[in-house]
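Q: Quick one, model.pdb (PDB, C-alpha atoms, pLDDT in the B column):
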ATOM      1  CA  MET A   1      64.106  25.751  63.560  1.00 61.00           C
ATOM      2  CA  SER A   2      60.371  26.428  63.760  1.00 66.00           C
ATOM      3  CA  ARG A   3      58.999  29.670  65.214  1.00 75.00           C
ATOM      4  CA  SER A   4      57.565  27.868  68.247  1.00 72.00           C
ATOM      5  CA  GLU A   5      60.937  26.230  68.956  1.00 75.00           C
ATOM      6  CA  ARG A   6      62.646  29.603  68.591  1.00 84.00           C
ATOM      7  CA  LEU A   7      60.248  31.230  71.058  1.00 84.00           C
ATOM      8  CA  PHE A   8      60.730  28.356  73.489  1.00 80.00           C
ATOM      9  CA  ASP A   9      64.523  28.695  73.266  1.00 85.00           C
ATOM     10  CA  LEU A  10      64.249  32.427  73.926  1.00 89.00           C
ATOM     11  CA  LEU A  11      62.147  31.760  77.022  1.00 85.00           C
ATOM     12  CA  GLN A  12      64.744  29.306  78.301  1.00 85.00           C
ATOM     13  CA  VAL A  13      67.552  31.818  77.785  1.00 90.00           C
ATOM     14  CA  LEU A  14      65.572  34.543  79.563  1.00 90.00           C
ATOM     15  CA  ARG A  15      64.897  32.200  82.497  1.00 86.00           C
ATOM     16  CA  ARG A  16      68.622  31.610  82.923  1.00 86.00           C
ATOM     17  CA  HIS A  17      69.253  35.330  83.325  1.00 87.00           C
ATOM     18  CA  LYS A  18      67.962  36.647  86.654  1.00 83.00           C
ATOM     19  CA  ARG A  19      68.901  40.245  85.797  1.00 87.00           C
ATOM     20  CA  PRO A  20      68.170  42.366  82.700  1.00 90.00           C
ATOM     21  CA  VAL A  21      70.175  41.183  79.712  1.00 91.00           C
ATOM     22  CA  SER A  22      70.793  43.085  76.488  1.00 92.00           C
ATOM     23  CA  GLY A  23      69.104  42.229  73.227  1.00 91.00           C
ATOM     24  CA  LYS A  24      72.526  41.702  71.638  1.00 92.00           C
ATOM     25  CA  ILE A  25      73.404  38.975  74.138  1.00 93.00           C
ATOM     26  CA  LEU A  26      69.990  37.341  73.748  1.00 93.00           C
ATOM     27  CA  ALA A  27      70.315  37.379  69.961  1.00 92.00           C
ATOM     28  CA  THR A  28      73.760  35.765  70.184  1.00 93.00           C
ATOM     29  CA  GLU A  29      72.623  33.051  72.614  1.00 91.00           C
ATOM     30  CA  THR A  30      69.549  32.184  70.538  1.00 91.00           C
ATOM     31  CA  GLY A  31      71.310  32.423  67.177  1.00 91.00           C
ATOM     32  CA  VAL A  32      69.013  34.999  65.556  1.00 92.00           C
ATOM     33  CA  SER A  33      69.369  38.546  64.273  1.00 92.00           C
ATOM     34  CA  ILE A  34      68.630  41.432  66.594  1.00 91.00           C
ATOM     35  CA  ARG A  35      65.637  42.313  64.417  1.00 92.00           C
ATOM     36  CA  THR A  36      64.216  38.805  64.749  1.00 93.00           C
ATOM     37  CA  LEU A  37      64.854  38.894  68.482  1.00 92.00           C
ATOM     38  CA  TYR A  38      62.790  42.045  68.918  1.00 92.00           C
ATOM     39  CA  ARG A  39      59.938  40.456  66.942  1.00 92.00           C
ATOM     40  CA  ASP A  40      60.135  37.300  69.081  1.00 92.00           C
ATOM     41  CA  ILE A  41      60.068  39.313  72.310  1.00 92.00           C
ATOM     42  CA  ALA A  42      56.984  41.150  71.039  1.00 91.00           C
ATOM     43  CA  SER A  43      55.369  37.797  70.180  1.00 88.00           C
ATOM     44  CA  LEU A  44      56.024  36.414  73.667  1.00 88.00           C
ATOM     45  CA  GLN A  45      54.677  39.573  75.267  1.00 87.00           C
ATOM     46  CA  ALA A  46      51.519  39.222  73.147  1.00 85.00           C
ATOM     47  CA  LEU A  47      51.151  35.650  74.454  1.00 79.00           C
ATOM     48  CA  GLY A  48      51.255  36.942  78.025  1.00 81.00           C
ATOM     49  CA  ALA A  49      54.920  36.640  78.960  1.00 84.00           C
ATOM     50  CA  MET A  50      55.920  39.327  81.473  1.00 87.00           C
ATOM     51  CA  ILE A  51      59.088  40.458  79.714  1.00 90.00           C
ATOM     52  CA  GLU A  52      60.134  43.850  81.036  1.00 89.00           C
ATOM     53  CA  GLY A  53      62.643  46.168  79.433  1.00 85.00           C
ATOM     54  CA  GLU A  54      63.350  47.759  76.094  1.00 75.00           C
ATOM     55  CA  ALA A  55      65.949  47.983  73.360  1.00 73.00           C
ATOM     56  CA  GLY A  56      69.193  49.478  74.633  1.00 76.00           C
ATOM     57  CA  VAL A  57      68.302  48.814  78.265  1.00 80.00           C
ATOM     58  CA  GLY A  58      67.881  45.052  78.566  1.00 89.00           C
ATOM     59  CA  TYR A  59      65.163  42.493  79.170  1.00 92.00           C
ATOM     60  CA  VAL A  60      64.120  40.323  82.087  1.00 92.00           C
ATOM     61  CA  LEU A  61      61.390  37.664  82.302  1.00 89.00           C
ATOM     62  CA  ARG A  62      59.179  37.697  85.362  1.00 85.00           C
ATOM     63  CA  PRO A  63      58.336  34.174  86.639  1.00 78.00           C
ATOM     64  CA  GLY A  64      55.088  32.296  86.097  1.00 72.00           C
ATOM     65  CA  PHE A  65      54.763  32.043  82.311  1.00 66.00           C
ATOM     66  CA  LEU A  66      54.615  28.848  80.233  1.00 62.00           C
ATOM     67  CA  LEU A  67      54.500  28.922  76.457  1.00 56.00           C
ATOM     68  CA  PRO A  68      51.412  27.044  75.220  1.00 58.00           C
ATOM     69  CA  PRO A  69      51.507  24.329  74.106  1.00 56.00           C
ATOM     70  CA  LEU A  70      54.217  23.137  76.486  1.00 60.00           C
ATOM     71  CA  MET A  71      57.273  22.069  74.490  1.00 64.00           C
ATOM     72  CA  PHE A  72      60.116  19.743  75.426  1.00 72.00           C
ATOM     73  CA  THR A  73      62.835  17.953  73.484  1.00 73.00           C
ATOM     74  CA  GLN A  74      62.756  14.142  73.452  1.00 75.00           C
ATOM     75  CA  GLU A  75      65.674  14.055  75.889  1.00 82.00           C
ATOM     76  CA  GLU A  76      63.835  16.412  78.246  1.00 82.00           C
ATOM     77  CA  ILE A  77      60.764  14.169  78.075  1.00 82.00           C
ATOM     78  CA  GLU A  78      62.910  11.155  78.963  1.00 85.00           C
ATOM     79  CA  ALA A  79      64.493  13.052  81.870  1.00 88.00           C
ATOM     80  CA  LEU A  80      61.051  14.043  83.200  1.00 88.00           C
ATOM     81  CA  VAL A  81      59.722  10.502  82.950  1.00 89.00           C
ATOM     82  CA  LEU A  82      62.802   8.900  84.501  1.00 90.00           C
ATOM     83  CA  GLY A  83      62.966  11.423  87.326  1.00 91.00           C
ATOM     84  CA  SER A  84      59.251  11.150  88.040  1.00 91.00           C
ATOM     85  CA  ARG A  85      59.400   7.358  88.077  1.00 90.00           C
ATOM     86  CA  TRP A  86      62.256   7.499  90.577  1.00 89.00           C
ATOM     87  CA  VAL A  87      60.210   9.797  92.830  1.00 91.00           C
ATOM     88  CA  ILE A  88      57.179   7.498  92.517  1.00 89.00           C
ATOM     89  CA  GLU A  89      59.264   4.503  93.576  1.00 85.00           C
ATOM     90  CA  SER A  90      61.604   6.082  96.125  1.00 84.00           C
ATOM     91  CA  ALA A  91      59.992   9.110  97.786  1.00 87.00           C
ATOM     92  CA  ASP A  92      57.270   9.311 100.419  1.00 88.00           C
ATOM     93  CA  ASN A  93      53.601   8.878  99.516  1.00 89.00           C
ATOM     94  CA  HIS A  94      52.870  12.596  99.152  1.00 91.00           C
ATOM     95  CA  LEU A  95      55.735  13.162  96.699  1.00 92.00           C
ATOM     96  CA  SER A  96      54.907   9.929  94.847  1.00 91.00           C
ATOM     97  CA  ASP A  97      51.341  11.096  94.305  1.00 92.00           C
ATOM     98  CA  ALA A  98      52.605  14.537  93.284  1.00 91.00           C
ATOM     99  CA  ALA A  99      54.933  12.977  90.686  1.00 91.00           C
ATOM    100  CA  ARG A 100      52.073  10.964  89.172  1.00 91.00           C
ATOM    101  CA  SER A 101      49.901  14.079  89.091  1.00 88.00           C
ATOM    102  CA  ALA A 102      52.665  16.173  87.514  1.00 86.00           C
ATOM    103  CA  LEU A 103      53.223  13.645  84.722  1.00 86.00           C
ATOM    104  CA  SER A 104      49.496  13.551  84.061  1.00 84.00           C
ATOM    105  CA  ARG A 105      49.256  17.351  83.943  1.00 78.00           C
ATOM    106  CA  ILE A 106      52.249  17.609  81.614  1.00 80.00           C
ATOM    107  CA  ALA A 107      50.756  14.977  79.297  1.00 80.00           C
ATOM    108  CA  THR A 108      47.501  16.920  78.912  1.00 73.00           C
ATOM    109  CA  VAL A 109      49.232  20.034  77.521  1.00 69.00           C
ATOM    110  CA  LEU A 110      51.853  18.379  75.319  1.00 73.00           C
ATOM    111  CA  PRO A 111      51.417  18.163  71.544  1.00 69.00           C
ATOM    112  CA  THR A 112      50.277  14.704  70.438  1.00 75.00           C
ATOM    113  CA  ASP A 113      53.683  13.477  69.233  1.00 72.00           C
ATOM    114  CA  LEU A 114      55.422  14.493  72.451  1.00 73.00           C
ATOM    115  CA  ARG A 115      52.586  13.048  74.566  1.00 77.00           C
ATOM    116  CA  ASN A 116      53.167   9.723  72.834  1.00 81.00           C
ATOM    117  CA  ASP A 117      56.887   9.947  73.656  1.00 79.00           C
ATOM    118  CA  LEU A 118      56.027  10.510  77.318  1.00 81.00           C
ATOM    119  CA  GLU A 119      53.475   7.703  77.543  1.00 81.00           C
ATOM    120  CA  LYS A 120      55.595   5.166  75.654  1.00 81.00           C
ATOM    121  CA  SER A 121      58.923   5.835  77.369  1.00 82.00           C
ATOM    122  CA  THR A 122      60.721   2.601  78.228  1.00 83.00           C
ATOM    123  CA  LEU A 123      63.208   4.155  80.666  1.00 82.00           C
ATOM    124  CA  LEU A 124      62.669   2.279  83.918  1.00 79.00           C
ATOM    125  CA  ILE A 125      63.755   2.491  87.542  1.00 82.00           C
ATOM    126  CA  GLY A 126      65.118  -0.762  88.947  1.00 78.00           C
ATOM    127  CA  PRO A 127      64.084  -2.114  92.369  1.00 75.00           C
ATOM    128  CA  GLY A 128      65.917  -0.636  95.348  1.00 71.00           C
ATOM    129  CA  THR A 129      66.231  -1.544  98.989  1.00 73.00           C
ATOM    130  CA  ASN A 130      63.241  -1.297 101.292  1.00 78.00           C
ATOM    131  CA  LEU A 131      63.485   1.973 103.185  1.00 81.00           C
ATOM    132  CA  PRO A 132      62.830   2.024 106.940  1.00 84.00           C
ATOM    133  CA  ALA A 133      59.435   3.447 107.840  1.00 88.00           C
ATOM    134  CA  ASP A 134      59.266   7.051 109.020  1.00 93.00           C
ATOM    135  CA  ILE A 135      57.366   8.033 112.165  1.00 94.00           C
ATOM    136  CA  VAL A 136      57.187  11.717 111.211  1.00 95.00           C
ATOM    137  CA  ASP A 137      55.452  12.647 107.961  1.00 93.00           C
ATOM    138  CA  LEU A 138      58.076  13.971 105.542  1.00 94.00           C
ATOM    139  CA  LYS A 139      55.511  16.459 104.289  1.00 93.00           C
ATOM    140  CA  TYR A 140      55.818  18.205 107.665  1.00 95.00           C
ATOM    141  CA  LEU A 141      59.616  18.333 107.375  1.00 96.00           C
ATOM    142  CA  ARG A 142      59.395  19.755 103.850  1.00 95.00           C
ATOM    143  CA  LYS A 143      56.998  22.425 105.109  1.00 94.00           C
ATOM    144  CA  ALA A 144      59.490  23.464 107.784  1.00 96.00           C
ATOM    145  CA  ILE A 145      62.213  23.705 105.126  1.00 96.00           C
ATOM    146  CA  ARG A 146      60.041  25.795 102.784  1.00 93.00           C
ATOM    147  CA  ASN A 147      58.980  28.133 105.599  1.00 94.00           C
ATOM    148  CA  GLU A 148      62.515  28.300 107.048  1.00 96.00           C
ATOM    149  CA  HIS A 149      61.155  27.505 110.504  1.00 96.00           C
ATOM    150  CA  LYS A 150      63.082  26.039 113.392  1.00 97.00           C
ATOM    151  CA  LEU A 151      62.309  22.415 114.290  1.00 97.00           C
ATOM    152  CA  ILE A 152      62.502  20.736 117.665  1.00 97.00           C
ATOM    153  CA  LEU A 153      63.425  17.097 117.095  1.00 97.00           C
ATOM    154  CA  ASP A 154      63.275  14.138 119.411  1.00 97.00           C
ATOM    155  CA  TYR A 155      65.931  11.944 117.864  1.00 97.00           C
ATOM    156  CA  SER A 156      67.389   8.498 118.458  1.00 95.00           C
ATOM    157  CA  ASP A 157      70.858   7.860 117.030  1.00 91.00           C
ATOM    158  CA  LYS A 158      72.330   4.587 115.751  1.00 89.00           C
ATOM    159  CA  ASN A 159      73.162   3.572 119.346  1.00 92.00           C
ATOM    160  CA  ASP A 160      69.566   4.285 120.455  1.00 92.00           C
ATOM    161  CA  ALA A 161      70.730   7.288 122.467  1.00 93.00           C
ATOM    162  CA  ALA A 162      67.879   9.795 122.601  1.00 95.00           C
ATOM    163  CA  SER A 163      68.311  13.579 122.435  1.00 95.00           C
ATOM    164  CA  THR A 164      66.253  16.677 121.796  1.00 96.00           C
ATOM    165  CA  ARG A 165      67.626  19.127 119.263  1.00 95.00           C
ATOM    166  CA  THR A 166      66.572  22.502 117.904  1.00 97.00           C
ATOM    167  CA  ILE A 167      67.670  22.661 114.286  1.00 97.00           C
ATOM    168  CA  TRP A 168      67.392  24.919 111.261  1.00 98.00           C
ATOM    169  CA  PRO A 169      66.256  22.494 108.520  1.00 97.00           C
ATOM    170  CA  PHE A 170      67.311  23.447 105.002  1.00 97.00           C
ATOM    171  CA  ALA A 171      67.375  20.285 102.850  1.00 95.00           C
ATOM    172  CA  LEU A 172      66.115  16.724 102.566  1.00 94.00           C
ATOM    173  CA  THR A 173      68.270  14.118 100.843  1.00 93.00           C
ATOM    174  CA  PHE A 174      66.957  10.889  99.335  1.00 90.00           C
ATOM    175  CA  PHE A 175      69.325   7.901  99.205  1.00 87.00           C
ATOM    176  CA  ASP A 176      68.536   4.333  98.185  1.00 82.00           C
ATOM    177  CA  SER A 177      68.842   3.152 101.774  1.00 85.00           C
ATOM    178  CA  ALA A 178      67.788   6.189 103.828  1.00 90.00           C
ATOM    179  CA  ARG A 179      66.382   9.701 103.813  1.00 93.00           C
ATOM    180  CA  ILE A 180      68.436  12.391 105.512  1.00 95.00           C
ATOM    181  CA  LEU A 181      67.317  15.730 106.943  1.00 97.00           C
ATOM    182  CA  LEU A 182      70.051  18.366 106.832  1.00 97.00           C
ATOM    183  CA  GLY A 183      70.069  21.121 109.406  1.00 97.00           C
ATOM    184  CA  TRP A 184      72.111  23.474 111.537  1.00 97.00           C
ATOM    185  CA  CYS A 185      72.022  22.143 115.106  1.00 97.00           C
ATOM    186  CA  GLU A 186      71.852  24.787 117.838  1.00 96.00           C
ATOM    187  CA  LEU A 187      73.116  22.305 120.434  1.00 93.00           C
ATOM    188  CA  ARG A 188      76.250  21.328 118.477  1.00 94.00           C
ATOM    189  CA  GLN A 189      76.650  24.687 116.709  1.00 96.00           C
ATOM    190  CA  SER A 190      77.373  22.896 113.470  1.00 96.00           C
ATOM    191  CA  PHE A 191      75.690  21.134 110.576  1.00 97.00           C
ATOM    192  CA  ARG A 192      74.172  17.758 111.406  1.00 96.00           C
ATOM    193  CA  HIS A 193      72.535  14.990 109.386  1.00 96.00           C
ATOM    194  CA  PHE A 194      69.448  13.231 110.757  1.00 97.00           C
ATOM    195  CA  ARG A 195      68.043   9.993 109.367  1.00 96.00           C
ATOM    196  CA  THR A 196      64.317  10.573 109.050  1.00 96.00           C
ATOM    197  CA  ASP A 197      63.437   7.062 110.277  1.00 95.00           C
ATOM    198  CA  ARG A 198      65.185   7.895 113.580  1.00 96.00           C
ATOM    199  CA  ILE A 199      63.205  11.095 114.156  1.00 97.00           C
ATOM    200  CA  ILE A 200      60.738  10.228 116.917  1.00 97.00           C
ATOM    201  CA  SER A 201      58.856  13.528 116.783  1.00 97.00           C
ATOM    202  CA  ALA A 202      59.210  16.951 115.179  1.00 97.00           C
ATOM    203  CA  HIS A 203      57.573  20.252 116.058  1.00 96.00           C
ATOM    204  CA  MET A 204      57.844  23.596 114.307  1.00 96.00           C
ATOM    205  CA  THR A 205      58.406  26.405 116.778  1.00 94.00           C
ATOM    206  CA  GLY A 206      56.812  29.000 114.514  1.00 91.00           C
ATOM    207  CA  GLU A 207      60.073  30.945 114.681  1.00 96.00           C
ATOM    208  CA  ARG A 208      62.034  31.552 111.510  1.00 96.00           C
ATOM    209  CA  TYR A 209      65.720  30.823 111.708  1.00 97.00           C
ATOM    210  CA  PRO A 210      68.026  33.807 111.119  1.00 95.00           C
ATOM    211  CA  GLU A 211      69.549  32.743 107.777  1.00 95.00           C
ATOM    212  CA  ARG A 212      67.990  31.861 104.427  1.00 94.00           C
ATOM    213  CA  ARG A 213      67.940  28.172 103.577  1.00 94.00           C
ATOM    214  CA  GLN A 214      69.917  28.719 100.357  1.00 93.00           C
ATOM    215  CA  THR A 215      72.636  30.422 102.398  1.00 95.00           C
ATOM    216  CA  LEU A 216      72.741  27.467 104.784  1.00 96.00           C
ATOM    217  CA  PHE A 217      72.783  25.075 101.845  1.00 94.00           C
ATOM    218  CA  LYS A 218      75.748  26.908 100.319  1.00 93.00           C
ATOM    219  CA  LYS A 219      77.644  26.890 103.628  1.00 95.00           C
ATOM    220  CA  TRP A 220      76.926  23.179 104.075  1.00 95.00           C
ATOM    221  CA  ARG A 221      78.266  22.416 100.602  1.00 93.00           C
ATOM    222  CA  GLU A 222      81.420  24.370 101.378  1.00 93.00           C
ATOM    223  CA  ALA A 223      81.824  22.600 104.733  1.00 93.00           C
ATOM    224  CA  GLU A 224      81.391  19.205 103.061  1.00 91.00           C
ATOM    225  CA  GLY A 225      83.658  20.088 100.136  1.00 89.00           C
ATOM    226  CA  ILE A 226      80.867  19.514  97.618  1.00 84.00           C
ATOM    227  CA  LYS A 227      81.632  21.141  94.277  1.00 74.00           C
ATOM    228  CA  ARG A 228      78.578  19.924  92.352  1.00 62.00           C
ATOM    229  CA  ASN A 229      76.160  22.617  91.180  1.00 57.00           C
ATOM    230  CA  PHE A 230      72.597  21.901  92.367  1.00 51.00           C
ATOM    231  CA  ASP A 231      71.022  24.953  90.649  1.00 45.00           C
TER     232      ASP A 231
END
Using structure tokens, write down the structure that the file contains.

A:
Amino acid sequence: MSRSERLFDLLQVLRRHKRPVSGKILATETGVSIRTLYRDIASLQALGAMIEGEAGVGYVLRPGFLLPPLMFTQEEIEALVLGSRWVIESADNHLSDAARSALSRIATVLPTDLRNDLEKSTLLIGPGTNLPADIVDLKYLRKAIRNEHKLILDYSDKNDAASTRTIWPFALTFFDSARILLGWCELRQSFRHFRTDRIISAHMTGERYPERRQTLFKKWREAEGIKRNFD
């Protein structure tokens, strides 16, 4: 394993640990000696990585650092390309443009051989069904989710029955045939799923809902009996 690959692996291990982790554990997970680990941590710190801690106490990586040049395995490149192509084909215009931009940005900082792998990938996304048009811009719904703000929805169900709901939006799900906004409904006092093409209007109240969106997401998974890990 090259030194750059070793440093990249160490970064990945540090990112998985949200709390300080001992040098012994890091050395075991990266397959190096404790002496080499300390040298690698010093090298990353010299490159600008905010690794806090010391020998005998533990280390933690503060977010926001990328090892230049950006390194990925071939399988990771394929996953990025395939996922981005799905977003380009299946998401709303804002996310589609963001996916194209992200691929372009990644390509500019990859080493030449990996850039060629990205540009020449032949993993393709097949044609799907035509999604119904949305009245409300999904960018607005995503903003409400990020800000954890309550939404007032004017909604029309499958029987064309109209209602006004105040919800706590916490996730947006993309299916081949529909896009679904997940939220806690104050009217029903339970989780509800709203097809985005049936949302007539949406307005943020400016008021934050009382729980964090990750907490709501966890409770929703438990209520739905979903065991899959989305982390």

Q: Please expand the PyMOL selection byres ((chain A and resi 188) around 12) into the concrete residues it hits in this file, giving the result as a PDB file with C-alpha atoms, keeping the file's coordinate frame.

A:
ATOM      1  CA  SER A 163      68.311  13.579 122.435  1.00 95.00           C
ATOM      2  CA  THR A 164      66.253  16.677 121.796  1.00 96.00           C
ATOM      3  CA  ARG A 165      67.626  19.127 119.263  1.00 95.00           C
ATOM      4  CA  THR A 166      66.572  22.502 117.904  1.00 97.00           C
ATOM      5  CA  ILE A 167      67.670  22.661 114.286  1.00 97.00           C
ATOM      6  CA  TRP A 168      67.392  24.919 111.261  1.00 98.00           C
ATOM      7  CA  GLY A 183      70.069  21.121 109.406  1.00 97.00           C
ATOM      8  CA  TRP A 184      72.111  23.474 111.537  1.00 97.00           C
ATOM      9  CA  CYS A 185      72.022  22.143 115.106  1.00 97.00           C
ATOM     10  CA  GLU A 186      71.852  24.787 117.838  1.00 96.00           C
ATOM     11  CA  LEU A 187      73.116  22.305 120.434  1.00 93.00           C
ATOM     12  CA  GLN A 189      76.650  24.687 116.709  1.00 96.00           C
ATOM     13  CA  SER A 190      77.373  22.896 113.470  1.00 96.00           C
ATOM     14  CA  PHE A 191      75.690  21.134 110.576  1.00 97.00           C
ATOM     15  CA  ARG A 192      74.172  17.758 111.406  1.00 96.00           C
ATOM     16  CA  HIS A 193      72.535  14.990 109.386  1.00 96.00           C
TER      17      HIS A 193
END

Q: By how many Å are atom CA of A:Glu148 and atom CA of A:Thr173 apart?

A: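 Those two atoms sit 16.5 Å apart.
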
Q: Which residue out of A:Thr108, A:Thr122, A:Ser4, A:Thr28 has the minimum interatomic distance to A:Leu44 when only C-alpha atoms are used?

A: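 Closest to A:Leu44 of all the choices is A:Ser4.
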
Q: Set the distance at 9 Å and use only C-alpha atoms: which residues neighbour A:Glu54 once local chain neighbours fewer than 3 positions away are removed? I'd like the list as a PDB file with C-alpha atoms, in the frame of the given file.

A:
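The resulting file, part_14.pdb, is shown below:
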ATOM      1  CA  SER A  22      70.793  43.085  76.488  1.00 92.00           C
ATOM      2  CA  GLY A  23      69.104  42.229  73.227  1.00 91.00           C
ATOM      3  CA  VAL A  57      68.302  48.814  78.265  1.00 80.00           C
ATOM      4  CA  GLY A  58      67.881  45.052  78.566  1.00 89.00           C
ATOM      5  CA  TYR A  59      65.163  42.493  79.170  1.00 92.00           C
TER       6      TYR A  59
END

Q: Just so the selection is clear, what residues does the PyMOL selection byres ((chain A and resi 32-43) around 12) cover here, as number ranges by chain?

A: A: 1, 3-11, 13-14, 22-31, 44-56, 58-61, 67

Q: Go ahead and compute the interatomic distance for atom CA of A:Ala102 and atom CA of A:Met204, in Å to one decimal.

A: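 Interatomic distance here is 28.3 Å.
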